[in-house]
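J.: So I've got this file, work_33.cif, and it contains mmCIF, C-alpha atoms and all ligand atoms:
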```
data_model
loop_
_atom_site.label_atom_id
_atom_site.label_comp_id
_atom_site.auth_asym_id
_atom_site.auth_seq_id
_atom_site.Cartn_x
_atom_site.Cartn_y
_atom_site.Cartn_z
CA MET A 27 43.07 138.12 5.55
CA ASP A 28 44.22 136.84 2.18
CA GLU A 29 47.13 134.41 2.64
CA GLN A 30 49.39 136.12 0.15
CA ILE A 31 48.90 139.49 1.83
CA THR A 32 49.37 137.91 5.26
CA ASN A 33 52.70 136.40 4.23
CA TYR A 34 53.80 139.64 2.62
CA LEU A 35 52.99 141.63 5.78
CA LEU A 36 54.56 139.02 8.08
CA ALA A 37 57.81 139.34 6.17
CA LEU A 38 57.78 143.10 6.71
CA LEU A 39 57.43 142.91 10.50
CA PRO A 40 60.54 143.80 12.47
CA GLU A 41 62.65 140.97 13.82
CA LYS A 42 61.37 139.74 17.18
CA ASP A 43 63.35 140.04 20.40
CA ASN A 44 64.09 136.83 22.31
CA TRP A 45 61.43 137.44 24.97
CA ILE A 46 58.74 137.68 22.28
CA VAL A 47 59.91 134.45 20.66
CA ASP A 48 59.94 132.80 24.11
CA LEU A 49 56.30 133.79 24.76
CA GLU A 50 55.17 132.75 21.28
CA GLU A 51 56.81 129.35 21.75
CA GLN A 52 55.15 128.88 25.15
CA ALA A 53 51.78 129.72 23.62
CA GLN A 54 52.27 127.29 20.78
CA LYS A 55 53.38 124.52 23.12
CA ASP A 56 50.38 124.96 25.44
CA ARG A 57 47.92 125.84 22.66
CA VAL A 58 47.09 129.25 24.07
CA PRO A 59 45.43 131.37 21.37
CA ILE A 60 47.54 134.51 21.61
CA MET A 61 47.05 137.46 19.30
CA ASP A 62 48.45 136.81 15.80
CA SER A 63 51.54 138.82 14.82
CA ILE A 64 49.88 141.19 12.34
CA GLY A 65 46.84 141.88 14.54
CA MET A 66 49.17 142.43 17.49
CA ASP A 67 51.27 144.83 15.45
CA PHE A 68 48.12 146.78 14.54
CA ILE A 69 46.92 147.02 18.15
CA MET A 70 50.39 148.06 19.26
CA GLN A 71 50.26 150.89 16.75
CA LEU A 72 46.92 152.09 18.18
CA ILE A 73 48.36 151.94 21.70
CA ARG A 74 51.59 153.65 20.61
CA MET A 75 49.67 156.55 19.07
CA ASN A 76 47.16 156.97 21.91
CA LYS A 77 49.42 156.24 24.91
CA PRO A 78 46.53 155.34 27.21
CA SER A 79 47.57 155.79 30.83
CA GLU A 80 45.37 152.95 32.14
CA ILE A 81 44.64 149.85 30.07
CA LEU A 82 42.31 147.03 31.13
CA GLU A 83 42.70 143.66 29.40
CA ILE A 84 40.09 140.92 29.59
CA GLY A 85 41.80 137.57 28.93
CA THR A 86 45.51 137.55 29.84
CA GLY A 87 46.41 134.14 28.46
CA ILE A 88 50.10 133.83 29.35
CA GLY A 89 50.71 137.58 29.34
CA TYR A 90 51.81 137.98 25.72
CA SER A 91 49.47 140.76 24.57
CA ALA A 92 49.83 142.69 27.86
CA LEU A 93 53.61 142.71 27.54
CA ARG A 94 53.45 143.71 23.88
CA MET A 95 51.05 146.59 24.62
CA LEU A 96 53.51 147.69 27.29
CA GLU A 97 56.32 147.46 24.73
CA ALA A 98 54.33 149.87 22.53
CA SER A 99 53.57 152.27 25.38
CA PRO A 100 56.01 151.76 28.27
CA GLU A 101 54.42 154.43 30.47
CA SER A 102 50.99 152.80 30.41
CA THR A 103 49.71 150.85 33.39
CA ILE A 104 47.90 147.63 32.57
CA THR A 105 45.39 145.63 34.61
CA THR A 106 44.72 142.21 33.13
CA ILE A 107 42.20 139.55 34.15
CA GLU A 108 42.57 135.79 33.63
CA LYS A 109 40.14 133.13 34.74
CA ASP A 110 42.14 129.96 34.19
CA GLU A 111 44.43 129.15 37.10
CA LYS A 112 47.13 127.45 35.06
CA ARG A 113 47.36 130.33 32.60
CA TYR A 114 47.25 132.83 35.43
CA ASN A 115 50.28 131.15 37.02
CA GLN A 116 52.13 131.02 33.73
CA ALA A 117 51.35 134.69 33.11
CA LYS A 118 52.54 135.53 36.59
CA ALA A 119 55.89 133.85 35.92
CA ASN A 120 56.22 135.62 32.57
CA LEU A 121 55.46 139.01 34.08
CA LYS A 122 58.00 138.41 36.82
CA LYS A 123 60.57 137.71 34.14
CA TYR A 124 59.68 140.37 31.59
CA ASP A 125 57.76 143.18 33.34
CA ASN A 126 60.74 144.63 35.18
CA ARG A 127 59.06 147.93 35.98
CA LYS A 128 55.97 146.22 37.39
CA LYS A 129 53.54 148.06 35.15
CA VAL A 130 51.17 145.12 34.78
CA THR A 131 48.75 144.04 37.51
CA LEU A 132 47.44 140.52 37.05
CA VAL A 133 44.07 139.58 38.54
CA GLN A 134 42.76 136.04 38.73
CA GLY A 135 39.06 135.40 38.29
CA ASP A 136 36.08 135.67 35.99
CA ALA A 137 36.17 139.08 34.32
CA LEU A 138 32.39 139.32 34.57
CA SER A 139 32.40 139.27 38.35
CA ILE A 140 35.69 141.13 38.73
CA MET A 141 34.52 143.99 36.52
CA THR A 142 31.17 144.08 38.31
CA ASN A 143 33.08 144.64 41.53
CA MET A 144 35.27 147.35 40.01
CA ALA A 145 32.53 150.00 40.30
CA GLU A 146 34.87 152.31 42.21
CA HIS A 147 37.02 152.43 39.08
CA GLU A 148 34.25 154.01 37.00
CA GLY A 149 35.84 156.04 34.23
CA LYS A 150 39.29 154.89 35.24
CA PHE A 151 40.47 153.25 32.03
CA ASP A 152 41.33 154.92 28.71
CA CYS A 153 41.59 151.66 26.80
CA ILE A 154 39.95 148.28 27.32
CA PHE A 155 41.04 145.23 25.33
CA ILE A 156 38.53 142.38 25.09
CA ASP A 157 40.10 139.02 24.19
CA ALA A 158 38.37 136.34 26.28
CA ALA A 159 35.28 134.09 25.79
CA LYS A 160 33.80 135.04 22.41
CA GLY A 161 30.25 134.27 23.54
CA GLN A 162 30.44 136.93 26.25
CA TYR A 163 31.60 139.99 24.34
CA GLU A 164 28.37 141.95 24.84
CA LYS A 165 28.52 141.38 28.58
CA TYR A 166 32.16 142.46 28.72
CA PHE A 167 31.27 145.50 26.64
CA ASP A 168 28.51 146.63 29.01
CA LEU A 169 30.80 146.33 32.01
CA ALA A 170 33.67 147.94 30.11
CA ASP A 171 31.51 150.91 29.15
CA SER A 172 31.08 151.97 32.78
CA LEU A 173 34.82 151.64 33.44
CA LEU A 174 35.85 153.57 30.33
CA ILE A 175 36.50 157.30 30.26
CA ASN A 176 34.84 159.48 27.60
CA ASN A 177 37.15 159.61 24.55
CA GLY A 178 38.54 156.23 25.55
CA PHE A 179 38.34 153.15 23.32
CA ILE A 180 37.45 149.48 23.47
CA ILE A 181 39.32 147.02 21.26
CA ALA A 182 37.84 143.56 20.69
CA ASP A 183 39.79 140.75 19.05
CA ASN A 184 38.36 137.82 17.01
CA VAL A 185 35.17 139.65 15.97
CA LEU A 186 35.26 138.04 12.49
CA PHE A 187 36.19 134.62 13.94
CA ARG A 188 37.92 132.83 11.03
CA GLY A 189 35.65 134.68 8.64
CA TYR A 190 32.63 132.62 9.79
CA VAL A 191 30.95 135.74 11.15
CA ALA A 192 30.67 137.16 7.62
CA ASP A 193 29.65 133.87 5.98
CA TYR A 194 25.88 133.34 6.09
CA ASP A 195 25.98 130.33 3.73
CA PHE A 196 28.22 128.05 5.71
CA GLU A 197 26.60 125.97 8.45
CA HIS A 198 28.71 126.18 11.57
CA ARG A 199 26.93 123.74 13.81
CA ARG A 200 29.74 123.70 16.31
CA TYR A 201 30.25 127.46 16.33
CA LYS A 202 26.72 128.62 15.69
CA SER A 203 26.17 130.31 19.01
CA ILE A 204 29.60 131.99 19.09
CA VAL A 205 29.15 133.26 15.54
CA ASN A 206 25.67 134.60 16.30
CA ARG A 207 26.86 136.31 19.42
CA LEU A 208 29.78 137.93 17.64
CA ARG A 209 27.35 139.17 14.97
CA GLU A 210 25.24 140.68 17.75
CA TYR A 211 28.34 142.29 19.21
CA ASN A 212 29.36 143.80 15.87
CA LYS A 213 25.85 145.07 15.20
CA ARG A 214 25.58 146.54 18.66
CA VAL A 215 28.88 148.42 18.66
CA THR A 216 28.46 149.77 15.14
CA ASN A 217 24.99 151.11 16.06
CA HIS A 218 25.76 152.31 19.57
CA SER A 219 24.79 155.92 20.19
CA SER A 220 27.90 156.78 22.20
CA TYR A 221 30.53 154.91 20.19
CA HIS A 222 32.13 155.21 16.79
CA THR A 223 33.19 151.72 15.75
CA SER A 224 35.45 150.56 12.98
CA ILE A 225 35.93 146.86 12.27
CA VAL A 226 39.21 145.97 10.62
CA PRO A 227 39.73 142.57 8.93
CA VAL A 228 43.24 142.23 10.32
CA GLY A 229 44.18 138.93 11.96
CA ASP A 230 40.96 137.37 13.24
CA GLY A 231 39.06 140.68 13.00
CA VAL A 232 39.54 143.63 15.33
CA ALA A 233 36.76 146.06 16.37
CA ILE A 234 37.82 149.48 17.63
CA SER A 235 35.04 151.37 19.43
CA PHE A 236 35.76 154.99 20.32
CA LYS A 237 33.57 156.39 23.11
CA SER A 238 32.28 159.84 22.37
CA SER A 239 29.39 161.35 24.27
CA GLU A 240 29.09 163.80 21.35
CA ARG A 241 27.98 161.10 18.99
CA SER A 242 24.40 160.90 20.25
CA HIS A 243 23.94 164.61 19.42
CA THR A 244 25.47 164.53 15.96
CA ASN A 245 24.42 161.15 14.70
CA GLU A 246 21.18 160.02 16.31
CA LYS A 247 20.41 156.35 15.69
N1 LIG B 301 45.08 138.26 25.18
C1 LIG B 301 45.96 137.09 25.19
C2 LIG B 301 45.24 135.83 24.80
C3 LIG B 301 44.04 135.52 25.59
S1 LIG B 301 43.36 133.93 25.19
C4 LIG B 301 47.07 137.31 24.18
O1 LIG B 301 46.79 137.66 23.02
O2 LIG B 301 48.22 137.11 24.54
C5 LIG B 301 41.82 134.11 26.01
C6 LIG B 301 41.95 133.95 27.52
O3 LIG B 301 40.73 134.41 28.10
C7 LIG B 301 42.09 132.50 27.95
O4 LIG B 301 43.30 132.35 28.66
C8 LIG B 301 40.89 132.23 28.86
O5 LIG B 301 41.19 131.44 29.97
C9 LIG B 301 40.51 133.64 29.27
N2 LIG B 301 39.09 133.83 29.65
C10 LIG B 301 37.99 133.32 29.05
N3 LIG B 301 36.88 133.76 29.66
C11 LIG B 301 37.29 134.57 30.67
C12 LIG B 301 36.60 135.33 31.66
N4 LIG B 301 35.26 135.32 31.74
N5 LIG B 301 37.32 136.05 32.53
C13 LIG B 301 38.68 136.05 32.47
N6 LIG B 301 39.38 135.36 31.55
C14 LIG B 301 38.69 134.63 30.67
MG MG B 302 42.14 136.64 20.53
#
```
In structure tokens, how does this file's structure come out?
Ligand code: SAH
Ligand code: MG
T.:
Amino acid sequence: MDEQITNYLLALLPEKDNWIVDLEEQAQKDRVPIMDSIGMDFIMQLIRMNKPSEILEIGTGIGYSALRMLEASPESTITTIEKDEKRYNQAKANLKKYDNRKKVTLVQGDALSIMTNMAEHEGKFDCIFIDAAKGQYEKYFDLADSLLINNGFIIADNVLFRGYVADYDFEHRRYKSIVNRLREYNKRVTNHSSYHTSIVPVGDGVAISFKSSERSHTNEK
């Protein structure tokens, strides 16, 4: 997003409670890439309006986005998966401190294998938030699809990755494979026969894919 607009929007955000500032400071100190404030605010608004009863998050980090989604929809139940042991432990401590009603279940492990073993939860989730390894988004999506109810939605963060995804002129040697994979993800979800997808250039780029079995009948692709 344009820097001037970003600063303008940041200044309009409500003042943050102490627990939010605490988590943001932890993330900064340990270099954990948590959701940016404006992107987070946007996702919270989606969650607030839809009030999903069961949310699945892929990539907990230190628990920031899970707790903020819960702030937006306190009656939701959230399952969140984190691979890294250190972050898992930090998230666990943060949830103990800030998730007083125990609405968040934290799972340690690789989301790819954990979701593969979640077959009994088919159609259980109304919202799935993908925010983990950017090279694996298509794999997460396929697994998420089977766990997502019809009329549910999948949100993916970082789909424009610093704008590189849209920039075909710039040579990103270091990020080439991530950028290509995110392009594949964006192409896939915007062309998918059972999803309506909208990609919003907020924060690092957010894709919202709404699952609708109707789509294949009305808009054959
Ligand atoms: N959603 C968090 C930030 C997550 S950062 C927030 O905004 O607050 C991305 C996290 O995904 C990292 O902590 C990383 O360890 C985790 N991750 C990466 N690949 C993963 C995988 N395959 N399964 C589970 N977690 C993964
Ligand atoms: Mg992210």
J.: Can you pull out every residue with an atom within 10 Å of ligand LIG 301 (chain B)? Use only C-alpha atoms and all ligand atoms and format it as a PDB file with C-alpha atoms, keeping the file's coordinate frame.
T.:
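Produced file out-v9.pdb, reproduced below:
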```
ATOM      1  CA  LEU A  49      56.300 133.790  24.760  1.00  0.00           C
ATOM      2  CA  GLU A  50      55.170 132.750  21.280  1.00  0.00           C
ATOM      3  CA  ALA A  53      51.780 129.720  23.620  1.00  0.00           C
ATOM      4  CA  ARG A  57      47.920 125.840  22.660  1.00  0.00           C
ATOM      5  CA  VAL A  58      47.090 129.250  24.070  1.00  0.00           C
ATOM      6  CA  PRO A  59      45.430 131.370  21.370  1.00  0.00           C
ATOM      7  CA  ILE A  60      47.540 134.510  21.610  1.00  0.00           C
ATOM      8  CA  MET A  61      47.050 137.460  19.300  1.00  0.00           C
ATOM      9  CA  ASP A  62      48.450 136.810  15.800  1.00  0.00           C
ATOM     10  CA  SER A  63      51.540 138.820  14.820  1.00  0.00           C
ATOM     11  CA  GLY A  65      46.840 141.880  14.540  1.00  0.00           C
ATOM     12  CA  MET A  66      49.170 142.430  17.490  1.00  0.00           C
ATOM     13  CA  GLU A  83      42.700 143.660  29.400  1.00  0.00           C
ATOM     14  CA  ILE A  84      40.090 140.920  29.590  1.00  0.00           C
ATOM     15  CA  GLY A  85      41.800 137.570  28.930  1.00  0.00           C
ATOM     16  CA  THR A  86      45.510 137.550  29.840  1.00  0.00           C
ATOM     17  CA  GLY A  87      46.410 134.140  28.460  1.00  0.00           C
ATOM     18  CA  ILE A  88      50.100 133.830  29.350  1.00  0.00           C
ATOM     19  CA  GLY A  89      50.710 137.580  29.340  1.00  0.00           C
ATOM     20  CA  TYR A  90      51.810 137.980  25.720  1.00  0.00           C
ATOM     21  CA  SER A  91      49.470 140.760  24.570  1.00  0.00           C
ATOM     22  CA  ALA A  92      49.830 142.690  27.860  1.00  0.00           C
ATOM     23  CA  LEU A  93      53.610 142.710  27.540  1.00  0.00           C
ATOM     24  CA  ARG A  94      53.450 143.710  23.880  1.00  0.00           C
ATOM     25  CA  MET A  95      51.050 146.590  24.620  1.00  0.00           C
ATOM     26  CA  THR A 106      44.720 142.210  33.130  1.00  0.00           C
ATOM     27  CA  ILE A 107      42.200 139.550  34.150  1.00  0.00           C
ATOM     28  CA  GLU A 108      42.570 135.790  33.630  1.00  0.00           C
ATOM     29  CA  LYS A 109      40.140 133.130  34.740  1.00  0.00           C
ATOM     30  CA  ASP A 110      42.140 129.960  34.190  1.00  0.00           C
ATOM     31  CA  GLU A 111      44.430 129.150  37.100  1.00  0.00           C
ATOM     32  CA  LYS A 112      47.130 127.450  35.060  1.00  0.00           C
ATOM     33  CA  ARG A 113      47.360 130.330  32.600  1.00  0.00           C
ATOM     34  CA  TYR A 114      47.250 132.830  35.430  1.00  0.00           C
ATOM     35  CA  ALA A 117      51.350 134.690  33.110  1.00  0.00           C
ATOM     36  CA  VAL A 133      44.070 139.580  38.540  1.00  0.00           C
ATOM     37  CA  GLN A 134      42.760 136.040  38.730  1.00  0.00           C
ATOM     38  CA  GLY A 135      39.060 135.400  38.290  1.00  0.00           C
ATOM     39  CA  ASP A 136      36.080 135.670  35.990  1.00  0.00           C
ATOM     40  CA  ALA A 137      36.170 139.080  34.320  1.00  0.00           C
ATOM     41  CA  LEU A 138      32.390 139.320  34.570  1.00  0.00           C
ATOM     42  CA  SER A 139      32.400 139.270  38.350  1.00  0.00           C
ATOM     43  CA  ILE A 140      35.690 141.130  38.730  1.00  0.00           C
ATOM     44  CA  MET A 141      34.520 143.990  36.520  1.00  0.00           C
ATOM     45  CA  PHE A 155      41.040 145.230  25.330  1.00  0.00           C
ATOM     46  CA  ILE A 156      38.530 142.380  25.090  1.00  0.00           C
ATOM     47  CA  ASP A 157      40.100 139.020  24.190  1.00  0.00           C
ATOM     48  CA  ALA A 158      38.370 136.340  26.280  1.00  0.00           C
ATOM     49  CA  ALA A 159      35.280 134.090  25.790  1.00  0.00           C
ATOM     50  CA  LYS A 160      33.800 135.040  22.410  1.00  0.00           C
ATOM     51  CA  GLY A 161      30.250 134.270  23.540  1.00  0.00           C
ATOM     52  CA  GLN A 162      30.440 136.930  26.250  1.00  0.00           C
ATOM     53  CA  TYR A 163      31.600 139.990  24.340  1.00  0.00           C
ATOM     54  CA  LYS A 165      28.520 141.380  28.580  1.00  0.00           C
ATOM     55  CA  TYR A 166      32.160 142.460  28.720  1.00  0.00           C
ATOM     56  CA  ASP A 183      39.790 140.750  19.050  1.00  0.00           C
TER      57      ASP A 183
END
```
J.: Can you work out the spacing between atom CA of Met144 of chain A and atom CA of Lys123 of chain A in Å, to one decimal?
T.: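 These atoms are spaced 27.7 Å apart.
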J.: Could you check the closest approach to ligand MG 302 (chain B) for each of A:Thr32, A:Ser102, A:Asn184, A:Ser239 and tell me which residue wins, using all atoms listed in the file?
T.: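 The answer is A:Asn184, which sits nearest to ligand MG 302 (chain B).
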J.: Pick the closest to ligand MG 302 (chain B) from A:Val215, A:Ile225, A:Val47, A:Val185: which is it, counting all atoms listed in the file?
T.: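 Closest residue, counting all atoms listed in the file: A:Val185.
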J.: Excluding same-chain residues fewer than 6 positions from Arg214 of chain A, what lies within 10 Å of it counting only C-alpha atoms, as number ranges by chain?
T.: A: 164, 167, 208, 221, 223
J.: For those residues, write C-alpha atoms to a file as a PDB file, in the frame of the given file.
T.:
```
ATOM      1  CA  GLU A 164      28.370 141.950  24.840  1.00  0.00           C
ATOM      2  CA  PHE A 167      31.270 145.500  26.640  1.00  0.00           C
ATOM      3  CA  LEU A 208      29.780 137.930  17.640  1.00  0.00           C
ATOM      4  CA  TYR A 221      30.530 154.910  20.190  1.00  0.00           C
ATOM      5  CA  THR A 223      33.190 151.720  15.750  1.00  0.00           C
TER       6      THR A 223
END
```
J.: Distance atom CA of Asn176 of chain A-atom CA of Ile81 of chain A, one decimal place?
T.: 14.0 Å
J.: Show me, as number ranges by chain, the residues that have an atom within 9 Å of Ile180 of chain A when counting only C-alpha atoms, minus same-chain residues fewer than 6 positions from it.
T.: A: 152-156, 167, 170-171, 174, 233-237
J.: With all atoms listed in the file as the counted atoms, please give the residues lying no more than 10 Å from Glu146 of chain A, apart from itself and same-chain residues fewer than 4 positions off, as an MDAnalysis selection string.
T.: chainID A and resid 142 150 173
J.: With all heavy atoms as the goal, would you fill in the gaps in segment 67-78 of chain A and present it as a PDB file, keeping the file's coordinate frame?
T.:
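selection05.pdb written:
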```pdb
ATOM      1  N   ASP A  67      50.537 143.666  15.950  1.00  0.00           N
ATOM      2  CA  ASP A  67      51.270 144.830  15.450  1.00  0.00           C
ATOM      3  C   ASP A  67      50.314 146.025  15.260  1.00  0.00           C
ATOM      4  O   ASP A  67      50.638 147.164  15.605  1.00  0.00           O
ATOM      5  CB  ASP A  67      51.927 144.450  14.110  1.00  0.00           C
ATOM      6  CG  ASP A  67      52.771 145.577  13.551  1.00  0.00           C
ATOM      7  OD1 ASP A  67      53.797 145.904  14.179  1.00  0.00           O
ATOM      8  OD2 ASP A  67      52.393 146.139  12.506  1.00  0.00           O
ATOM      9  N   PHE A  68      49.119 145.734  14.768  1.00  0.00           N
ATOM     10  CA  PHE A  68      48.120 146.780  14.540  1.00  0.00           C
ATOM     11  C   PHE A  68      47.656 147.383  15.876  1.00  0.00           C
ATOM     12  O   PHE A  68      47.579 148.610  16.038  1.00  0.00           O
ATOM     13  CB  PHE A  68      46.940 146.185  13.769  1.00  0.00           C
ATOM     14  CG  PHE A  68      45.806 147.143  13.572  1.00  0.00           C
ATOM     15  CD1 PHE A  68      45.941 148.243  12.741  1.00  0.00           C
ATOM     16  CD2 PHE A  68      44.591 146.949  14.212  1.00  0.00           C
ATOM     17  CE1 PHE A  68      44.892 149.134  12.563  1.00  0.00           C
ATOM     18  CE2 PHE A  68      43.543 147.825  14.037  1.00  0.00           C
ATOM     19  CZ  PHE A  68      43.687 148.926  13.213  1.00  0.00           C
ATOM     20  N   ILE A  69      47.358 146.526  16.843  1.00  0.00           N
ATOM     21  CA  ILE A  69      46.920 147.020  18.150  1.00  0.00           C
ATOM     22  C   ILE A  69      48.032 147.813  18.832  1.00  0.00           C
ATOM     23  O   ILE A  69      47.802 148.851  19.443  1.00  0.00           O
ATOM     24  CB  ILE A  69      46.424 145.856  19.027  1.00  0.00           C
ATOM     25  CG1 ILE A  69      45.092 145.353  18.456  1.00  0.00           C
ATOM     26  CG2 ILE A  69      46.261 146.269  20.483  1.00  0.00           C
ATOM     27  CD1 ILE A  69      44.487 144.207  19.202  1.00  0.00           C
ATOM     28  N   MET A  70      49.257 147.322  18.681  1.00  0.00           N
ATOM     29  CA  MET A  70      50.390 148.060  19.260  1.00  0.00           C
ATOM     30  C   MET A  70      50.498 149.462  18.668  1.00  0.00           C
ATOM     31  O   MET A  70      50.820 150.419  19.365  1.00  0.00           O
ATOM     32  CB  MET A  70      51.701 147.287  19.020  1.00  0.00           C
ATOM     33  CG  MET A  70      51.835 146.061  19.913  1.00  0.00           C
ATOM     34  SD  MET A  70      53.250 145.041  19.467  1.00  0.00           S
ATOM     35  CE  MET A  70      54.600 146.075  20.049  1.00  0.00           C
ATOM     36  N   GLN A  71      50.189 149.571  17.391  1.00  0.00           N
ATOM     37  CA  GLN A  71      50.260 150.890  16.750  1.00  0.00           C
ATOM     38  C   GLN A  71      49.182 151.835  17.325  1.00  0.00           C
ATOM     39  O   GLN A  71      49.455 153.007  17.572  1.00  0.00           O
ATOM     40  CB  GLN A  71      50.093 150.724  15.225  1.00  0.00           C
ATOM     41  CG  GLN A  71      50.294 151.989  14.434  1.00  0.00           C
ATOM     42  CD  GLN A  71      51.764 152.393  14.328  1.00  0.00           C
ATOM     43  OE1 GLN A  71      52.548 152.245  15.249  1.00  0.00           O
ATOM     44  NE2 GLN A  71      52.131 152.926  13.181  1.00  0.00           N
ATOM     45  N   LEU A  72      47.985 151.292  17.560  1.00  0.00           N
ATOM     46  CA  LEU A  72      46.920 152.090  18.180  1.00  0.00           C
ATOM     47  C   LEU A  72      47.344 152.562  19.579  1.00  0.00           C
ATOM     48  O   LEU A  72      47.127 153.707  19.963  1.00  0.00           O
ATOM     49  CB  LEU A  72      45.633 151.271  18.341  1.00  0.00           C
ATOM     50  CG  LEU A  72      44.862 150.859  17.099  1.00  0.00           C
ATOM     51  CD1 LEU A  72      43.711 149.940  17.516  1.00  0.00           C
ATOM     52  CD2 LEU A  72      44.336 152.081  16.382  1.00  0.00           C
ATOM     53  N   ILE A  73      47.936 151.646  20.323  1.00  0.00           N
ATOM     54  CA  ILE A  73      48.360 151.940  21.700  1.00  0.00           C
ATOM     55  C   ILE A  73      49.519 152.949  21.676  1.00  0.00           C
ATOM     56  O   ILE A  73      49.569 153.890  22.461  1.00  0.00           O
ATOM     57  CB  ILE A  73      48.816 150.628  22.408  1.00  0.00           C
ATOM     58  CG1 ILE A  73      47.675 149.604  22.437  1.00  0.00           C
ATOM     59  CG2 ILE A  73      49.374 150.901  23.792  1.00  0.00           C
ATOM     60  CD1 ILE A  73      46.586 149.872  23.414  1.00  0.00           C
ATOM     61  N   ARG A  74      50.427 152.757  20.744  1.00  0.00           N
ATOM     62  CA  ARG A  74      51.590 153.650  20.610  1.00  0.00           C
ATOM     63  C   ARG A  74      51.138 155.082  20.318  1.00  0.00           C
ATOM     64  O   ARG A  74      51.651 156.047  20.849  1.00  0.00           O
ATOM     65  CB  ARG A  74      52.454 153.126  19.459  1.00  0.00           C
ATOM     66  CG  ARG A  74      53.812 153.774  19.325  1.00  0.00           C
ATOM     67  CD  ARG A  74      54.582 153.106  18.173  1.00  0.00           C
ATOM     68  NE  ARG A  74      55.068 151.779  18.492  1.00  0.00           N
ATOM     69  CZ  ARG A  74      54.757 150.662  17.807  1.00  0.00           C
ATOM     70  NH1 ARG A  74      53.965 150.705  16.754  1.00  0.00           N
ATOM     71  NH2 ARG A  74      55.249 149.510  18.169  1.00  0.00           N
ATOM     72  N   MET A  75      50.131 155.217  19.468  1.00  0.00           N
ATOM     73  CA  MET A  75      49.670 156.550  19.070  1.00  0.00           C
ATOM     74  C   MET A  75      48.826 157.214  20.157  1.00  0.00           C
ATOM     75  O   MET A  75      48.821 158.416  20.289  1.00  0.00           O
ATOM     76  CB  MET A  75      48.858 156.467  17.767  1.00  0.00           C
ATOM     77  CG  MET A  75      49.719 156.082  16.577  1.00  0.00           C
ATOM     78  SD  MET A  75      48.869 156.287  14.995  1.00  0.00           S
ATOM     79  CE  MET A  75      47.452 155.258  15.209  1.00  0.00           C
ATOM     80  N   ASN A  76      48.079 156.402  20.911  1.00  0.00           N
ATOM     81  CA  ASN A  76      47.160 156.970  21.910  1.00  0.00           C
ATOM     82  C   ASN A  76      47.754 157.067  23.313  1.00  0.00           C
ATOM     83  O   ASN A  76      47.243 157.816  24.126  1.00  0.00           O
ATOM     84  CB  ASN A  76      45.871 156.150  21.962  1.00  0.00           C
ATOM     85  CG  ASN A  76      44.996 156.446  20.771  1.00  0.00           C
ATOM     86  OD1 ASN A  76      44.333 157.477  20.743  1.00  0.00           O
ATOM     87  ND2 ASN A  76      45.018 155.589  19.766  1.00  0.00           N
ATOM     88  N   LYS A  77      48.778 156.267  23.578  1.00  0.00           N
ATOM     89  CA  LYS A  77      49.420 156.240  24.910  1.00  0.00           C
ATOM     90  C   LYS A  77      48.399 156.294  26.050  1.00  0.00           C
ATOM     91  O   LYS A  77      48.423 157.209  26.891  1.00  0.00           O
ATOM     92  CB  LYS A  77      50.389 157.416  25.051  1.00  0.00           C
ATOM     93  CG  LYS A  77      51.526 157.373  24.061  1.00  0.00           C
ATOM     94  CD  LYS A  77      52.518 158.502  24.317  1.00  0.00           C
ATOM     95  CE  LYS A  77      53.662 158.468  23.346  1.00  0.00           C
ATOM     96  NZ  LYS A  77      53.242 158.455  21.913  1.00  0.00           N
ATOM     97  N   PRO A  78      47.497 155.331  26.111  1.00  0.00           N
ATOM     98  CA  PRO A  78      46.530 155.340  27.210  1.00  0.00           C
ATOM     99  C   PRO A  78      47.258 155.186  28.549  1.00  0.00           C
ATOM    100  O   PRO A  78      48.219 154.424  28.630  1.00  0.00           O
ATOM    101  CB  PRO A  78      45.658 154.100  26.928  1.00  0.00           C
ATOM    102  CG  PRO A  78      46.432 153.265  25.972  1.00  0.00           C
ATOM    103  CD  PRO A  78      47.358 154.161  25.227  1.00  0.00           C
TER     104      PRO A  78
END
```
